[in-house]
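Down below is the structure, laid out as structure tokens.
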Amino acid sequence: MLNFLKKNKPDLKEQWNIKGEQYAKEVNEMVQFGEKNGWENWKGKEPIDNREDLAEDVIYRLKQANLQQDVERFRNDFPPSHAPIIPLLEKQSQSIAQLHFISEQKIVFLTGTSYQNRQAYLLNNDEILTLEPSIDAIGKSKLNNVFAVAVGNRITTFKDWGGEIIMHFNLNETAGFGITELIPFNDGNRLLMITSEGVYLISEKEEKLIHPLNEEEEEDWSSNIDMENATLSNDNNYIVVGDQCYDHRILDSNGNTIGRVGPQSSYAHFCLFSKDDSQLIANSSHFYNGITIGIDANKLIDINIEAYTDNENYSIIDDEMRVYTGLATKDYYILGDAYGTIRAVDRKGNKVWRHFLGSTISGMTISDDEQTLWVGSSSGMLHKLKLGKGHRDHHTIGNGNHYEEFRLLIWKDEDQIWKW
């Protein structure tokens with residue numbers, strides 16, 4: 001009798017797959033219904049992933065598979081999922097950010113946030129190289145493959161990764177600031193530096209604070225900000241800056257204000273230009289949700305869009321996401337939100353596809369041919385996706401038809417990086 005029970009008890013692989021496939025199916029059906037019929041009409045229960053008790057054993061086997069160089073077989077037996085391992089992320093997760101495409105299947109990225117000790121890595125296909133621990137930030141220009149690397153109180157720009165040095169910038173008043181994002185200009189002779197102590201335009205001669213500005217000349221005024229965000233247009237003619245307490249401001253390339261865009265949700269949170277610079281999108285957030293609007297670029301000069309008001313100068317691109325990171329392809333934007341979903345939306349606000357990964361999306365980059373997407377999240381995971389190649393398994397949540405080649409678990413207090 002005991003042998004009979006043991007023989008018929010579902011094994012770990014069977015439980016993982018049966019429950020995982022059912023959960024993904026139910027979530028996909030629920031989301032499809034909500035998008036088509038409106039979420040207010042959904043009367044069903046929210047799906048629950050009941051595999052939390054399996055996660056520790058699965059991660060143990062994942063690590064063994066890595067040590068035994070048997071990851072491909074393990075991946076086929078245990079397709080990755082986010083929900084079951086959430087308890088394991090509470091102490092070990094970290095942000096994966098500042099992702100930048102180099103060439104072919106090669107990218108560079110950092111772990112940690114601007115106020116933490118960071119570590120830079122180079123990923124070439126599935127081989128990962130640890131870079132110098134002294135690197136504090138890495139940025140890439142919108143055009144011309146100019147890279148910027150911050151080490152200590154100096155930032156250096158290069159033509160191509162590891163290529164010829166363009167310029168050194170020695171920081172003085174901004175020395176020691178944690179860098180949220182670094183964007184070199186296309187010629188490598190200036191930098192846009194985003195920090196929680198202000199957004200600065202860095203040149204060889206000055207470190208110019210361009211956001212926020214003490215417009216009222218208050219004596220106890222501080223440049224410290226939260227939700228700091230900024231971008232450059234691809235041709236570098238425009239700078240856009242914003243944060244939790246201020247509207248998005250449109251600046252010329254020298255940092256002079258030429259327009260304002262008020263938030264249509266609560267706080268200015270993210271901004272980005274389309275790949276052809278014909279449109280600016282500005283996201284504002286409230287808790288985990290938000291609104292993204294689109295503004296024609298030929299209207300930016302002297303534009304003044306009031307907060308929380310309808311205006312013929314903008315259109316709604318999305319009315320759901322709190323956007324943390326994003327990029328523009330030739331056909332659409334790919335935006336990463338607070339819930340762990342990446343979504344493609346075009347310039348008219350049409351939904352193209354969505355793909356769930358889990359945890360707040362903290363960084364992404366795409367290959368020049370727009371076929372391979374790398375996505376980092378605050379779960380300490382880096383995902384490599386082949387766009388449009390087709391789902392790899394029945395555990396995938398989303399309608400994007402994308403193939404996850406692998407994900408890397410880059411967790412704190414681990415001896416190595418684990419591939420899944």
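In the structure tokens, chains take the letters A, B, ... in the order shown, each chain's residues start at 1, and ligands count up from 1 in the order shown.
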
Residues within 7 Å of Asn401 in chain A, please, as a list in words. Count only C-alpha atoms; anything in the same chain fewer than 5 positions from it doesn't count.
Gly388, Lys389, Gly390 and His391 of chain A

Generate a file of the selected residues that holds C-alpha atoms, formatted as a short mmCIF file (atom, residue, chain, number, x, y, z; two decimals), in the first residue's frame.
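Contents of the output file out05.cif:
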```cif
data_model
loop_
_atom_site.label_atom_id
_atom_site.label_comp_id
_atom_site.auth_asym_id
_atom_site.auth_seq_id
_atom_site.Cartn_x
_atom_site.Cartn_y
_atom_site.Cartn_z
CA GLY A 388 8.24 37.32 -31.89
CA LYS A 389 9.96 33.92 -31.90
CA GLY A 390 7.06 32.18 -30.12
CA HIS A 391 6.44 31.09 -26.55
#
```

Excluding same-chain residues fewer than 6 positions from Phe177 in chain A, what lies within 10 Å of it counting only C-alpha atoms, as number ranges by chain?
A: 114-115, 136, 152-153, 171, 193-198

Report as JSON lines the residues of range 326-376 of chain A within 10 Å of range 285-304 of chain A, each with its shortest atom pair and distance in Å (one decimal), using only C-alpha atoms, ordered by chain and increasing residue number.
```
{"residue": "A:Asp337", "atom": "CA", "partner": "A:Tyr288", "partner_atom": "CA", "distance": 8.2}
{"residue": "A:Ala338", "atom": "CA", "partner": "A:Tyr288", "partner_atom": "CA", "distance": 5.8}
{"residue": "A:Tyr339", "atom": "CA", "partner": "A:Tyr288", "partner_atom": "CA", "distance": 7.2}
{"residue": "A:Arg347", "atom": "CA", "partner": "A:Gly294", "partner_atom": "CA", "distance": 7.3}
{"residue": "A:Lys348", "atom": "CA", "partner": "A:Gly294", "partner_atom": "CA", "distance": 8.1}
{"residue": "A:Gly349", "atom": "CA", "partner": "A:Gly294", "partner_atom": "CA", "distance": 8.5}
{"residue": "A:Thr360", "atom": "CA", "partner": "A:Tyr288", "partner_atom": "CA", "distance": 9.7}
```

Export, as a PDB file, in the first residue's frame, the selected residues with C-alpha atoms.
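Dumped everything to selection.pdb:
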```
ATOM      1  CA  ASP A 337       5.949  49.078 -15.237  1.00  0.00           C
ATOM      2  CA  ALA A 338       5.769  48.750 -11.474  1.00  0.00           C
ATOM      3  CA  TYR A 339       3.948  45.416 -11.607  1.00  0.00           C
ATOM      4  CA  ARG A 347       2.466  56.378 -30.937  1.00  0.00           C
ATOM      5  CA  LYS A 348      -1.318  56.436 -31.202  1.00  0.00           C
ATOM      6  CA  GLY A 349      -1.786  54.482 -27.982  1.00  0.00           C
ATOM      7  CA  THR A 360       9.351  46.339 -10.914  1.00  0.00           C
TER       8      THR A 360
END
```

What's the separation between CA of Ile258 in chain A and CA of Glu173 in chain A, in Å to one decimal place?
26.1 Å

Env of range 203-215 of chain A: 8 Å cut, atoms = only C-alpha atoms, seq-sep filter 6 positions within chain, self excluded. Answer as an MDAnalysis selection string.
chainID A and resid 168:174 189:191 221 223 225 241:242 246 255:256

Give me every strand (DSSP E) residue in range 117-280 of chain A, going by DSSP on the backbone, as a PyMOL selection string.
chain A and resi 119-124+127-130+135-140+146-151+154-159+164-170+179-184+191-195+198-202+207-211+229-232+238-243+246-252+257-261+267-273+279-280

Can you list, as a VMD selection string, every protein, DNA or RNA residue that comes within 9 Å of Glu104 in chain A when you count only C-alpha atoms, leaving out same-chain residues fewer than 5 positions away?
chain A and resid 124 to 125 367 to 368

Give me the residues near Asp369 in chain A as an MDAnalysis selection string, where near means some atom within 12 Å (using only C-alpha atoms) and where sequence neighbours in that chain fewer than 6 positions away do not count.
chainID A and resid 101 103:105 329:330 386:387

So which residues of range 59-143 of chain A fall under helix (DSSP H, G or I) by DSSP, listed as an MDAnalysis selection string?
chainID A and resid 59:67 71:77 83:92

Quick one: write out the picked residues with N, CA and C atoms as a CSV table (one decimal), in the first residue's frame?
```csv
chain,number,residue,atom,x,y,z
A,59,ILE,N,14.7,25.8,-6.8
A,59,ILE,CA,15.9,26.7,-6.8
A,59,ILE,C,17.1,25.9,-6.5
A,60,TYR,N,17.0,24.9,-5.5
A,60,TYR,CA,18.1,24.1,-5.2
A,60,TYR,C,18.6,23.3,-6.4
A,61,ARG,N,17.6,22.7,-7.1
A,61,ARG,CA,17.9,21.9,-8.3
A,61,ARG,C,18.4,22.8,-9.4
A,62,LEU,N,17.9,24.0,-9.5
A,62,LEU,CA,18.5,24.9,-10.5
A,62,LEU,C,20.0,25.1,-10.3
A,63,LYS,N,20.4,25.4,-9.0
A,63,LYS,CA,21.8,25.6,-8.7
A,63,LYS,C,22.6,24.3,-9.0
A,64,GLN,N,22.1,23.2,-8.7
A,64,GLN,CA,22.8,21.9,-9.0
A,64,GLN,C,23.0,21.8,-10.5
A,65,ALA,N,21.9,22.1,-11.3
A,65,ALA,CA,22.0,22.1,-12.7
A,65,ALA,C,23.1,23.0,-13.3
A,66,ASN,N,23.2,24.2,-12.7
A,66,ASN,CA,24.3,25.1,-13.1
A,66,ASN,C,25.6,24.5,-12.8
A,67,LEU,N,25.8,23.9,-11.6
A,67,LEU,CA,27.1,23.4,-11.3
A,67,LEU,C,27.5,22.2,-12.1
A,71,VAL,N,21.9,23.0,-17.5
A,71,VAL,CA,20.8,24.0,-17.4
A,71,VAL,C,19.7,23.8,-18.4
A,72,GLU,N,20.1,23.5,-19.6
A,72,GLU,CA,19.1,23.4,-20.7
A,72,GLU,C,18.1,22.3,-20.4
A,73,ARG,N,18.5,21.2,-19.9
A,73,ARG,CA,17.6,20.1,-19.5
A,73,ARG,C,16.7,20.6,-18.4
A,74,PHE,N,17.3,21.2,-17.4
A,74,PHE,CA,16.5,21.7,-16.2
A,74,PHE,C,15.5,22.7,-16.7
A,75,ARG,N,15.9,23.6,-17.6
A,75,ARG,CA,14.9,24.7,-18.0
A,75,ARG,C,13.7,24.0,-18.7
A,76,ASN,N,13.9,23.0,-19.5
A,76,ASN,CA,12.8,22.3,-20.1
A,76,ASN,C,11.9,21.6,-19.1
A,77,ASP,N,12.5,21.1,-18.1
A,77,ASP,CA,11.7,20.4,-17.1
A,77,ASP,C,11.0,21.4,-16.1
A,83,ALA,N,6.0,34.2,-9.4
A,83,ALA,CA,5.2,34.1,-8.2
A,83,ALA,C,5.7,33.2,-7.1
A,84,PRO,N,6.0,31.9,-7.4
A,84,PRO,CA,6.4,31.0,-6.4
A,84,PRO,C,7.7,31.4,-5.6
A,85,ILE,N,8.6,32.1,-6.3
A,85,ILE,CA,9.8,32.4,-5.6
A,85,ILE,C,9.9,33.8,-4.9
A,86,ILE,N,8.7,34.5,-4.9
A,86,ILE,CA,8.7,35.8,-4.2
A,86,ILE,C,9.3,35.8,-2.8
A,87,PRO,N,8.9,34.8,-2.0
A,87,PRO,CA,9.5,34.8,-0.6
A,87,PRO,C,11.1,34.8,-0.6
A,88,LEU,N,11.7,34.2,-1.6
A,88,LEU,CA,13.1,34.1,-1.7
A,88,LEU,C,13.7,35.4,-2.1
A,89,LEU,N,12.9,36.3,-2.7
A,89,LEU,CA,13.5,37.5,-3.2
A,89,LEU,C,13.6,38.6,-2.2
A,90,GLU,N,12.9,38.4,-1.1
A,90,GLU,CA,12.8,39.5,-0.1
A,90,GLU,C,14.1,39.9,0.5
A,91,LYS,N,15.1,39.0,0.6
A,91,LYS,CA,16.4,39.3,1.1
A,91,LYS,C,17.5,39.3,0.1
A,92,GLN,N,17.3,38.7,-1.1
A,92,GLN,CA,18.3,38.5,-2.0
A,92,GLN,C,18.2,39.3,-3.3
```

Would you mind telling me which residue in A:Trp374, A:Lys275, A:Asn254, A:Leu357 lies nearest to Asp331 in chain A when using only C-alpha atoms?
A:Lys275

If you measure from CA of Ser359 in chain A to CA of Ser377 in chain A, what distance in Å do you get, rounded to one decimal?
6.0 Å

Residues of range 227-246 of chain A that approach range 178-186 of chain A to 9 Å or less, counting only C-alpha atoms: could you list each one with the shortest pair of atoms and its distance in Å to one decimal, rows by chain and increasing residue number, as a tab-separated table?
```
residue	atom	partner	partner_atom	distance
A:Glu228	CA	A:Thr180	CA	7.9
A:Asn229	CA	A:Glu181	CA	8.2
A:Ala230	CA	A:Glu181	CA	8.4
A:Thr231	CA	A:Ile183	CA	7.7
A:Leu232	CA	A:Ile183	CA	7.6
A:Asn234	CA	A:Asn186	CA	8.3
A:Asp235	CA	A:Asn186	CA	7.8
A:Asn236	CA	A:Phe185	CA	6.6
```

Compile the contact shell of Gly188 in chain A as a PDB file with N, CA and C atoms, in the first residue's frame: residues with an atom at most 8 Å away, counting only C-alpha atoms, same-chain residues fewer than 4 positions apart removed.
```pdb
ATOM      1  N   SER A 141      24.910  57.090 -25.445  1.00  0.00           N
ATOM      2  CA  SER A 141      24.257  58.152 -26.194  1.00  0.00           C
ATOM      3  C   SER A 141      23.087  57.604 -27.001  1.00  0.00           C
ATOM      4  N   VAL A 146      28.262  56.255 -28.362  1.00  0.00           N
ATOM      5  CA  VAL A 146      29.160  56.880 -27.390  1.00  0.00           C
ATOM      6  C   VAL A 146      28.780  56.362 -26.003  1.00  0.00           C
ATOM      7  N   PHE A 147      29.769  55.844 -25.292  1.00  0.00           N
ATOM      8  CA  PHE A 147      29.552  55.335 -23.939  1.00  0.00           C
ATOM      9  C   PHE A 147      30.195  56.276 -22.930  1.00  0.00           C
ATOM     10  N   ALA A 148      29.574  56.365 -21.760  1.00  0.00           N
ATOM     11  CA  ALA A 148      30.135  57.149 -20.654  1.00  0.00           C
ATOM     12  C   ALA A 148      30.284  56.236 -19.442  1.00  0.00           C
ATOM     13  N   THR A 157      34.077  59.635 -21.581  1.00  0.00           N
ATOM     14  CA  THR A 157      33.288  59.204 -22.731  1.00  0.00           C
ATOM     15  C   THR A 157      34.196  58.521 -23.748  1.00  0.00           C
ATOM     16  N   PHE A 158      33.638  57.487 -24.392  1.00  0.00           N
ATOM     17  CA  PHE A 158      34.379  56.680 -25.361  1.00  0.00           C
ATOM     18  C   PHE A 158      33.571  56.551 -26.652  1.00  0.00           C
ATOM     19  N   LYS A 159      34.248  56.499 -27.771  1.00  0.00           N
ATOM     20  CA  LYS A 159      33.600  56.130 -29.023  1.00  0.00           C
ATOM     21  C   LYS A 159      33.572  54.613 -29.095  1.00  0.00           C
ATOM     22  N   ILE A 166      37.029  60.042 -25.800  1.00  0.00           N
ATOM     23  CA  ILE A 166      36.609  61.332 -26.350  1.00  0.00           C
ATOM     24  C   ILE A 166      36.936  62.450 -25.384  1.00  0.00           C
ATOM     25  N   MET A 167      36.528  62.287 -24.101  1.00  0.00           N
ATOM     26  CA  MET A 167      36.751  63.361 -23.132  1.00  0.00           C
ATOM     27  C   MET A 167      36.676  62.838 -21.705  1.00  0.00           C
ATOM     28  N   PRO A 184      25.277  60.431 -22.238  1.00  0.00           N
ATOM     29  CA  PRO A 184      26.193  61.303 -22.970  1.00  0.00           C
ATOM     30  C   PRO A 184      25.533  61.852 -24.233  1.00  0.00           C
TER      31      PRO A 184
END
```

For Pro133 in chain A, please output as an MDAnalysis selection string all residues within 9 Å (counting only C-alpha atoms; exclusion window: fewer than 3 positions along the same chain).
chainID A and resid 117:120 130 136

Convert the current residue selection to file output with N, CA and C atoms, as a tab-separated table (two decimals), in the first residue's frame.
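What ended up in selection_22.tsv:
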```tsv
chain	number	residue	atom	x	y	z
A	117	ASN	N	26.25	50.30	-3.21
A	117	ASN	CA	27.46	49.88	-3.91
A	117	ASN	C	27.05	49.07	-5.14
A	118	ARG	N	27.58	49.45	-6.26
A	118	ARG	CA	27.19	48.83	-7.51
A	118	ARG	C	28.26	47.87	-8.03
A	119	GLN	N	27.82	47.01	-8.95
A	119	GLN	CA	28.76	46.15	-9.66
A	119	GLN	C	28.37	46.13	-11.12
A	120	ALA	N	29.33	46.36	-11.98
A	120	ALA	CA	29.10	46.36	-13.43
A	120	ALA	C	29.48	45.01	-14.02
A	130	THR	N	32.64	39.97	-14.94
A	130	THR	CA	32.57	40.99	-13.89
A	130	THR	C	33.55	42.10	-14.21
A	136	ASP	N	30.85	53.32	-11.16
A	136	ASP	CA	29.67	53.80	-10.45
A	136	ASP	C	28.45	53.93	-11.36
```

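Nearest to Gly340 in chain A of all the residues A:Ser378, A:His100, A:Tyr308, A:His402 is A:Ser378, based on only C-alpha atoms.
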
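Nearest to His394 in chain A of all the residues A:Gly38, A:Pro80, A:Gly336, A:Gly162 is A:Pro80, counting only C-alpha atoms.
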
May I ask which of the residues A:Arg51, A:Arg322, A:Arg154, A:Lys412 is the closest one to Ser362 in chain A, counting only C-alpha atoms?
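Closest to Ser362 in chain A of all the choices is A:Arg322.
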
Quick one, how far is CA of Ala175 in chain A from CA of Ile239 in chain A?
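CA of Ile239 in chain A lies at a distance of 22.3 Å from CA of Ala175 in chain A.
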